[in-house]
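Structure record follows, encoded as structure tokens.
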Amino acid sequence: MTEVFDIKTEWLSKDFGKVQAVKDLELKVKKGTTFGYLGPNGAGKTTTVRMLAGLLLPTNGRAKVCGFDVYTQREEIKRVTGLLPESPGLYSKLSAVEFLEFIGALNDFVGERLLKRIEKLLLLLGLEGRQHDLLESYSSGMKQKVLVASTILHDPQLVFLDEPTSRLDPAASALVKEIIRAMAEKTDTTFFICTHMTDLAEDICDVIGIISNGTLTTYGTPQEVVDKVGGDNLQDAYLKIVGSKVNKEDLLRWRS
């Protein structure tokens, strides 16, 4: 059987003036894979996603997302993907239902089928009874749930998630993880998850890549990465790769 890749990049790069945010990215993500893209803040994760999602033109290199070119077919990419950015915007004067109806319309998804899907998603996410309240009255965790629903509402082929559980309590975080698992297994949806949370990557990702200073340094299953680096677990391996070491003797030196 021929392997199908929802993401293929060759020497993909993005410069902002003299700063090279992403350097010569070579990456393949198979269809149906849950891929974890790990790295510290400022490593190039969000820039990568913005290029792959059709929001930002690369400086150099080539890439195809779901078979579409990131230079010439950006609108096609947006139609078949879903994106939950790290700092998304919400229309606070809309209710959850109204917001999701708006998102559905943007994706040419309207009518009774959309309303039934919205009802089921809000029920699944524990927002029944609040679905007609304005979003401005929601907690940050509740807003994040609505945003997760808006990202998967139209059954995208590929979903980009940037720190999807960062505002969620443990129960809601576990629920989002289960939704990702179920969609990946039952619908063959591909997930590209940006995070610096190694426990999230270890729990749900089939394959991970670690980016540091704009360069993809490590690629493999979570266990392969641990074995390759020689760490005790993924967090230990991640810290060794990105070079985040703390000198305990310096922790309170500021008090002297």
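Starting from 1 in every chain, residues are counted up; chains themselves are A, B, ... following the order of the structure tokens, and ligands are numbered from 1 as listed.
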
_strand (DSSP E) call set, DSSP backbone run, segment 102-253 of chain A, as a list in words_ =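 So, restricting segment 102-253 of chain A to strand (DSSP E), we get Leu158, Val159, Phe160, Leu161, Asp162, Thr190, Phe191, Phe192, Ile193, Cys194, Thr195, Val207, Ile208, Gly209, Ile210, Ile211, Ser212, Thr215, Leu216, Thr217, Thr218, Tyr219 and Gly220 of chain A.
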
Create the file for the chosen residues now, containing N, CA, C and O atoms and written as an mmCIF file, in the first residue's frame.
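Saved as part_35.cif:
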data_model
loop_
_atom_site.group_PDB
_atom_site.id
_atom_site.type_symbol
_atom_site.label_atom_id
_atom_site.label_comp_id
_atom_site.auth_asym_id
_atom_site.auth_seq_id
_atom_site.Cartn_x
_atom_site.Cartn_y
_atom_site.Cartn_z
ATOM 1 N N LEU A 158 -7.020 17.600 8.147
ATOM 2 C CA LEU A 158 -5.828 17.834 8.963
ATOM 3 C C LEU A 158 -6.136 18.957 9.943
ATOM 4 O O LEU A 158 -6.687 19.986 9.564
ATOM 5 N N VAL A 159 -5.769 18.743 11.211
ATOM 6 C CA VAL A 159 -6.039 19.731 12.261
ATOM 7 C C VAL A 159 -4.724 20.206 12.867
ATOM 8 O O VAL A 159 -3.917 19.396 13.331
ATOM 9 N N PHE A 160 -4.522 21.524 12.862
ATOM 10 C CA PHE A 160 -3.385 22.136 13.537
ATOM 11 C C PHE A 160 -3.841 22.643 14.899
ATOM 12 O O PHE A 160 -4.792 23.430 14.982
ATOM 13 N N LEU A 161 -3.166 22.204 15.945
ATOM 14 C CA LEU A 161 -3.496 22.633 17.306
ATOM 15 C C LEU A 161 -2.242 23.210 17.956
ATOM 16 O O LEU A 161 -1.230 22.523 18.067
ATOM 17 N N ASP A 162 -2.318 24.472 18.380
ATOM 18 C CA ASP A 162 -1.178 25.140 19.018
ATOM 19 C C ASP A 162 -1.483 25.265 20.506
ATOM 20 O O ASP A 162 -2.332 26.070 20.903
ATOM 21 N N THR A 190 -5.642 13.642 10.548
ATOM 22 C CA THR A 190 -4.253 13.896 10.923
ATOM 23 C C THR A 190 -4.214 15.092 11.875
ATOM 24 O O THR A 190 -4.881 16.107 11.634
ATOM 25 N N PHE A 191 -3.427 14.970 12.941
ATOM 26 C CA PHE A 191 -3.280 16.065 13.901
ATOM 27 C C PHE A 191 -1.817 16.508 13.951
ATOM 28 O O PHE A 191 -0.909 15.672 14.025
ATOM 29 N N PHE A 192 -1.624 17.813 13.912
ATOM 30 C CA PHE A 192 -0.302 18.432 14.051
ATOM 31 C C PHE A 192 -0.393 19.313 15.287
ATOM 32 O O PHE A 192 -1.030 20.368 15.265
ATOM 33 N N ILE A 193 0.230 18.854 16.375
ATOM 34 C CA ILE A 193 0.052 19.497 17.677
ATOM 35 C C ILE A 193 1.339 20.170 18.119
ATOM 36 O O ILE A 193 2.356 19.506 18.343
ATOM 37 N N CYS A 194 1.304 21.497 18.231
ATOM 38 C CA CYS A 194 2.438 22.255 18.761
ATOM 39 C C CYS A 194 2.318 22.335 20.275
ATOM 40 O O CYS A 194 1.261 22.718 20.797
ATOM 41 N N THR A 195 3.383 22.012 20.963
ATOM 42 C CA THR A 195 3.335 22.074 22.423
ATOM 43 C C THR A 195 4.739 22.068 22.996
ATOM 44 O O THR A 195 5.702 21.701 22.320
ATOM 45 N N VAL A 207 4.130 10.167 16.681
ATOM 46 C CA VAL A 207 5.471 10.610 16.280
ATOM 47 C C VAL A 207 5.667 12.025 16.804
ATOM 48 O O VAL A 207 4.716 12.804 16.878
ATOM 49 N N ILE A 208 6.892 12.353 17.175
ATOM 50 C CA ILE A 208 7.180 13.725 17.585
ATOM 51 C C ILE A 208 8.410 14.249 16.847
ATOM 52 O O ILE A 208 9.273 13.484 16.418
ATOM 53 N N GLY A 209 8.458 15.558 16.712
ATOM 54 C CA GLY A 209 9.643 16.244 16.229
ATOM 55 C C GLY A 209 9.975 17.329 17.224
ATOM 56 O O GLY A 209 9.075 17.983 17.753
ATOM 57 N N ILE A 210 11.246 17.520 17.504
ATOM 58 C CA ILE A 210 11.667 18.562 18.446
ATOM 59 C C ILE A 210 12.435 19.623 17.680
ATOM 60 O O ILE A 210 13.417 19.322 16.990
ATOM 61 N N ILE A 211 11.965 20.872 17.787
ATOM 62 C CA ILE A 211 12.583 21.995 17.096
ATOM 63 C C ILE A 211 13.238 22.910 18.123
ATOM 64 O O ILE A 211 12.673 23.169 19.194
ATOM 65 N N SER A 212 14.430 23.344 17.816
ATOM 66 C CA SER A 212 15.168 24.245 18.702
ATOM 67 C C SER A 212 15.885 25.279 17.846
ATOM 68 O O SER A 212 16.582 24.920 16.887
ATOM 69 N N THR A 215 15.489 24.897 14.062
ATOM 70 C CA THR A 215 15.979 23.686 13.394
ATOM 71 C C THR A 215 15.343 22.442 14.001
ATOM 72 O O THR A 215 15.333 22.279 15.235
ATOM 73 N N LEU A 216 14.813 21.571 13.144
ATOM 74 C CA LEU A 216 14.286 20.294 13.605
ATOM 75 C C LEU A 216 15.464 19.388 13.959
ATOM 76 O O LEU A 216 16.218 18.962 13.080
ATOM 77 N N THR A 217 15.629 19.103 15.230
ATOM 78 C CA THR A 217 16.803 18.367 15.687
ATOM 79 C C THR A 217 16.556 16.883 15.895
ATOM 80 O O THR A 217 17.492 16.081 15.806
ATOM 81 N N THR A 218 15.311 16.514 16.180
ATOM 82 C CA THR A 218 15.006 15.132 16.548
ATOM 83 C C THR A 218 13.650 14.741 15.996
ATOM 84 O O THR A 218 12.718 15.559 15.986
ATOM 85 N N TYR A 219 13.535 13.471 15.534
ATOM 86 C CA TYR A 219 12.280 12.986 14.954
ATOM 87 C C TYR A 219 12.155 11.497 15.263
ATOM 88 O O TYR A 219 13.128 10.744 15.159
ATOM 89 N N GLY A 220 10.957 11.065 15.663
ATOM 90 C CA GLY A 220 10.728 9.649 15.929
ATOM 91 C C GLY A 220 9.555 9.467 16.869
ATOM 92 O O GLY A 220 8.899 10.428 17.284
#

With the cut-off set at 10 Å and counting only C-alpha atoms, tabulate each residue of segment 147-205 of chain A with an atom at most that distance from an atom of segment 235-243 of chain A, showing the nearest atom pair and its distance in Å to one decimal, ordered by chain and increasing number, as JSON lines.
{"residue": "A:His196", "atom": "CA", "partner": "A:Tyr238", "partner_atom": "CA", "distance": 9.1}
{"residue": "A:Met197", "atom": "CA", "partner": "A:Gln235", "partner_atom": "CA", "distance": 8.3}
{"residue": "A:Thr198", "atom": "CA", "partner": "A:Gln235", "partner_atom": "CA", "distance": 5.5}
{"residue": "A:Asp199", "atom": "CA", "partner": "A:Gln235", "partner_atom": "CA", "distance": 7.5}
{"residue": "A:Ala201", "atom": "CA", "partner": "A:Gln235", "partner_atom": "CA", "distance": 9.8}
{"residue": "A:Glu202", "atom": "CA", "partner": "A:Gln235", "partner_atom": "CA", "distance": 9.0}

Within 8 Å of segment 98-102 of chain A, which residues of segment 116-213 of chain A show up? Give each one with its shortest atom-to-atom distance in Å (one decimal) and the two atoms involved, counting only C-alpha atoms, rows by chain then rising residue number, as CSV.
residue,atom,partner,partner_atom,distance
A:Ile118,CA,A:Leu100,CA,6.9
A:His132,CA,A:Glu98,CA,7.9
A:Val146,CA,A:Leu100,CA,7.9
A:Ala149,CA,A:Leu100,CA,7.8
A:Ser150,CA,A:Leu100,CA,5.9
A:Leu153,CA,A:Leu100,CA,7.9

*Could you give me, as number ranges by chain, the residues within 9 Å of Lys145 of chain A, counting only C-alpha atoms and dropping anything in the same chain fewer than 3 positions from it?*
A: 122, 125-127, 140-142, 148-150, 168, 172, 176

*In Å, with one decimal, what is the gap from atom CA of Phe35 of chain A to atom CA of Asp206 of chain A?*
6.1 Å

*asked:* Please identify the alpha helix (DSSP H) residues within segment 12-218 of chain A (assignment by DSSP from backbone atoms) and present them as a PyMOL selection string.
replied: chain A and resi 45-52+74-80+96-106+112-124+140-152+170-187+198-204

Pull C-alpha atoms from the residues just selected and write them as a compact mmCIF listing (two decimals), in the first residue's frame.
# COMPACT_ATOMS: atom_id res chain seq x y z
CA LYS A 45 6.67 26.09 16.11
CA THR A 46 4.02 28.72 15.44
CA THR A 47 5.84 30.04 12.37
CA THR A 48 5.89 26.50 10.95
CA VAL A 49 2.16 26.09 11.52
CA ARG A 50 1.37 29.45 9.95
CA MET A 51 3.27 28.45 6.80
CA LEU A 52 1.66 25.02 6.60
CA ARG A 74 -3.36 28.41 0.17
CA GLU A 75 -7.16 28.77 -0.03
CA GLU A 76 -7.50 25.06 -0.81
CA ILE A 77 -5.35 24.27 2.25
CA LYS A 78 -7.59 26.41 4.47
CA ARG A 79 -10.68 24.55 3.23
CA VAL A 80 -9.43 21.08 4.20
CA ALA A 96 -21.42 29.63 21.74
CA VAL A 97 -24.07 28.45 19.28
CA GLU A 98 -23.94 31.68 17.28
CA PHE A 99 -20.15 31.59 17.12
CA LEU A 100 -20.13 27.98 15.91
CA GLU A 101 -22.84 28.75 13.34
CA PHE A 102 -20.62 31.58 12.08
CA ILE A 103 -17.60 29.25 11.85
CA GLY A 104 -19.74 26.67 10.05
CA ALA A 105 -20.87 29.26 7.50
CA LEU A 106 -17.26 30.25 6.82
CA GLU A 112 -29.91 21.30 10.22
CA ARG A 113 -26.84 19.06 10.00
CA LEU A 114 -24.65 21.87 11.35
CA LEU A 115 -27.06 22.62 14.21
CA LYS A 116 -27.16 18.96 15.23
CA ARG A 117 -23.37 18.75 15.18
CA ILE A 118 -23.07 21.93 17.28
CA GLU A 119 -25.53 20.53 19.81
CA LYS A 120 -23.61 17.24 20.08
CA LEU A 121 -20.22 18.93 20.41
CA LEU A 122 -21.38 21.33 23.12
CA LEU A 123 -22.98 18.43 24.99
CA LEU A 124 -19.78 16.39 24.69
CA SER A 140 -11.01 30.83 29.85
CA GLY A 141 -11.39 27.04 29.97
CA MET A 142 -14.93 27.19 28.61
CA LYS A 143 -13.80 29.48 25.80
CA GLN A 144 -11.04 27.02 24.93
CA LYS A 145 -13.62 24.24 24.69
CA VAL A 146 -15.67 26.31 22.23
CA LEU A 147 -12.53 26.98 20.20
CA VAL A 148 -11.70 23.26 20.09
CA ALA A 149 -15.26 22.62 18.86
CA SER A 150 -14.89 25.31 16.18
CA THR A 151 -11.67 23.73 14.93
CA ILE A 152 -13.10 20.25 14.33
CA PRO A 170 -7.22 18.29 34.07
CA ALA A 171 -10.67 16.86 33.32
CA ALA A 172 -11.20 19.04 30.25
CA SER A 173 -7.64 18.37 29.09
CA ALA A 174 -8.26 14.62 29.32
CA LEU A 175 -11.47 15.02 27.30
CA VAL A 176 -9.69 16.90 24.51
CA LYS A 177 -7.04 14.17 24.40
CA GLU A 178 -9.77 11.54 24.03
CA ILE A 179 -11.43 13.51 21.22
CA ILE A 180 -8.10 13.65 19.38
CA ARG A 181 -7.55 9.90 19.88
CA ALA A 182 -11.06 9.04 18.69
CA MET A 183 -10.87 11.23 15.57
CA ALA A 184 -7.43 9.92 14.66
CA GLU A 185 -8.54 6.29 15.05
CA LYS A 186 -12.08 6.41 13.65
CA THR A 187 -11.87 9.11 10.96
CA THR A 198 5.90 16.59 27.05
CA ASP A 199 3.15 14.76 28.93
CA LEU A 200 0.62 15.73 26.24
CA ALA A 201 2.95 14.53 23.48
CA GLU A 202 3.73 11.31 25.31
CA ASP A 203 0.04 10.56 25.92
CA ILE A 204 -1.37 10.98 22.41

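Shortest atom-to-atom contact with Val65 of chain A among A:Thr34, A:Ser166, A:Gln131, A:Gln157: A:Gln157, counting only C-alpha atoms.
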
Can you tell me, as a PDB file with N, CA, C and O atoms, in the first residue's frame, what residues are no more than 7 Å from segment 25-32 of chain A when counting only C-alpha atoms, ignoring any on the same chain fewer than 6 positions away?
ATOM      1  N   VAL A   4       0.466   7.662   2.233  1.00  0.00           N
ATOM      2  CA  VAL A   4      -0.069   8.982   1.919  1.00  0.00           C
ATOM      3  C   VAL A   4       0.386   9.945   3.003  1.00  0.00           C
ATOM      4  O   VAL A   4       0.199   9.694   4.193  1.00  0.00           O
ATOM      5  N   PHE A   5       0.973  11.051   2.582  1.00  0.00           N
ATOM      6  CA  PHE A   5       1.467  12.047   3.524  1.00  0.00           C
ATOM      7  C   PHE A   5       0.605  13.306   3.437  1.00  0.00           C
ATOM      8  O   PHE A   5       0.424  13.869   2.353  1.00  0.00           O
ATOM      9  N   ASP A   6       0.074  13.732   4.572  1.00  0.00           N
ATOM     10  CA  ASP A   6      -0.693  14.975   4.589  1.00  0.00           C
ATOM     11  C   ASP A   6       0.216  16.202   4.677  1.00  0.00           C
ATOM     12  O   ASP A   6      -0.221  17.314   4.372  1.00  0.00           O
ATOM     13  N   ILE A   7       1.461  15.998   5.102  1.00  0.00           N
ATOM     14  CA  ILE A   7       2.437  17.091   5.141  1.00  0.00           C
ATOM     15  C   ILE A   7       3.760  16.591   4.595  1.00  0.00           C
ATOM     16  O   ILE A   7       4.269  15.556   5.025  1.00  0.00           O
ATOM     17  N   LYS A   8       4.303  17.323   3.623  1.00  0.00           N
ATOM     18  CA  LYS A   8       5.640  17.042   3.098  1.00  0.00           C
ATOM     19  C   LYS A   8       6.356  18.371   2.889  1.00  0.00           C
ATOM     20  O   LYS A   8       5.852  19.244   2.178  1.00  0.00           O
ATOM     21  N   THR A   9       7.510  18.527   3.529  1.00  0.00           N
ATOM     22  CA  THR A   9       8.279  19.755   3.338  1.00  0.00           C
ATOM     23  C   THR A   9       9.706  19.420   2.907  1.00  0.00           C
ATOM     24  O   THR A   9      10.242  18.379   3.272  1.00  0.00           O
ATOM     25  N   GLU A  10      10.286  20.322   2.126  1.00  0.00           N
ATOM     26  CA  GLU A  10      11.679  20.191   1.699  1.00  0.00           C
ATOM     27  C   GLU A  10      12.355  21.551   1.842  1.00  0.00           C
ATOM     28  O   GLU A  10      11.961  22.526   1.189  1.00  0.00           O
ATOM     29  N   TRP A  11      13.336  21.622   2.722  1.00  0.00           N
ATOM     30  CA  TRP A  11      14.128  22.840   2.915  1.00  0.00           C
ATOM     31  C   TRP A  11      13.252  24.058   3.209  1.00  0.00           C
ATOM     32  O   TRP A  11      13.582  25.183   2.821  1.00  0.00           O
ATOM     33  N   LEU A  12      12.155  23.837   3.891  1.00  0.00           N
ATOM     34  CA  LEU A  12      11.221  24.923   4.173  1.00  0.00           C
ATOM     35  C   LEU A  12      11.827  25.889   5.192  1.00  0.00           C
ATOM     36  O   LEU A  12      12.259  25.480   6.273  1.00  0.00           O
ATOM     37  N   SER A  13      11.839  27.168   4.850  1.00  0.00           N
ATOM     38  CA  SER A  13      12.468  28.177   5.708  1.00  0.00           C
ATOM     39  C   SER A  13      11.630  29.444   5.732  1.00  0.00           C
ATOM     40  O   SER A  13      10.901  29.752   4.786  1.00  0.00           O
ATOM     41  N   ALA A 184      -8.561  10.508  15.375  1.00  0.00           N
ATOM     42  CA  ALA A 184      -7.426   9.923  14.664  1.00  0.00           C
ATOM     43  C   ALA A 184      -7.691   8.461  14.312  1.00  0.00           C
ATOM     44  O   ALA A 184      -7.359   7.998  13.216  1.00  0.00           O
ATOM     45  N   ASP A 188      -9.472   8.820  10.612  1.00  0.00           N
ATOM     46  CA  ASP A 188      -8.204   8.970   9.892  1.00  0.00           C
ATOM     47  C   ASP A 188      -7.776  10.434   9.783  1.00  0.00           C
ATOM     48  O   ASP A 188      -7.050  10.809   8.856  1.00  0.00           O
ATOM     49  N   THR A 189      -8.244  11.268  10.724  1.00  0.00           N
ATOM     50  CA  THR A 189      -7.836  12.668  10.752  1.00  0.00           C
ATOM     51  C   THR A 189      -6.379  12.769  11.190  1.00  0.00           C
ATOM     52  O   THR A 189      -5.942  12.072  12.096  1.00  0.00           O
ATOM     53  N   THR A 190      -5.642  13.642  10.548  1.00  0.00           N
ATOM     54  CA  THR A 190      -4.253  13.896  10.923  1.00  0.00           C
ATOM     55  C   THR A 190      -4.214  15.092  11.875  1.00  0.00           C
ATOM     56  O   THR A 190      -4.881  16.107  11.634  1.00  0.00           O
ATOM     57  N   THR A 215      15.489  24.897  14.062  1.00  0.00           N
ATOM     58  CA  THR A 215      15.979  23.686  13.394  1.00  0.00           C
ATOM     59  C   THR A 215      15.343  22.442  14.001  1.00  0.00           C
ATOM     60  O   THR A 215      15.333  22.279  15.235  1.00  0.00           O
ATOM     61  N   LEU A 216      14.813  21.571  13.144  1.00  0.00           N
ATOM     62  CA  LEU A 216      14.286  20.294  13.605  1.00  0.00           C
ATOM     63  C   LEU A 216      15.464  19.388  13.959  1.00  0.00           C
ATOM     64  O   LEU A 216      16.218  18.962  13.080  1.00  0.00           O
TER      65      LEU A 216
END

*asked:* Please compute the atom CA of Pro58 of chain A-atom CA of Gln73 of chain A distance, one decimal, in Å.
replied: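 Calculated distance between atom CA of Pro58 of chain A and atom CA of Gln73 of chain A is 13.1 Å.
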
*Distance atom CA of Gly42 of chain A-atom CA of Phe68 of chain A, one decimal place?*
27.2 Å

*Determine the nearest neighbour of Arg130 of chain A from the options A:Cys205, A:Val226, A:Ser95, A:Gly17, counting only C-alpha atoms.*
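Under the stated criterion, the closest residue is A:Ser95.
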
*Contacts of Gln20 of chain A within 10 Å, only C-alpha atoms, excl. fewer than 2 positions in-chain, as number ranges by chain*: A: 13-18, 22-24, 44, 59, 213-215
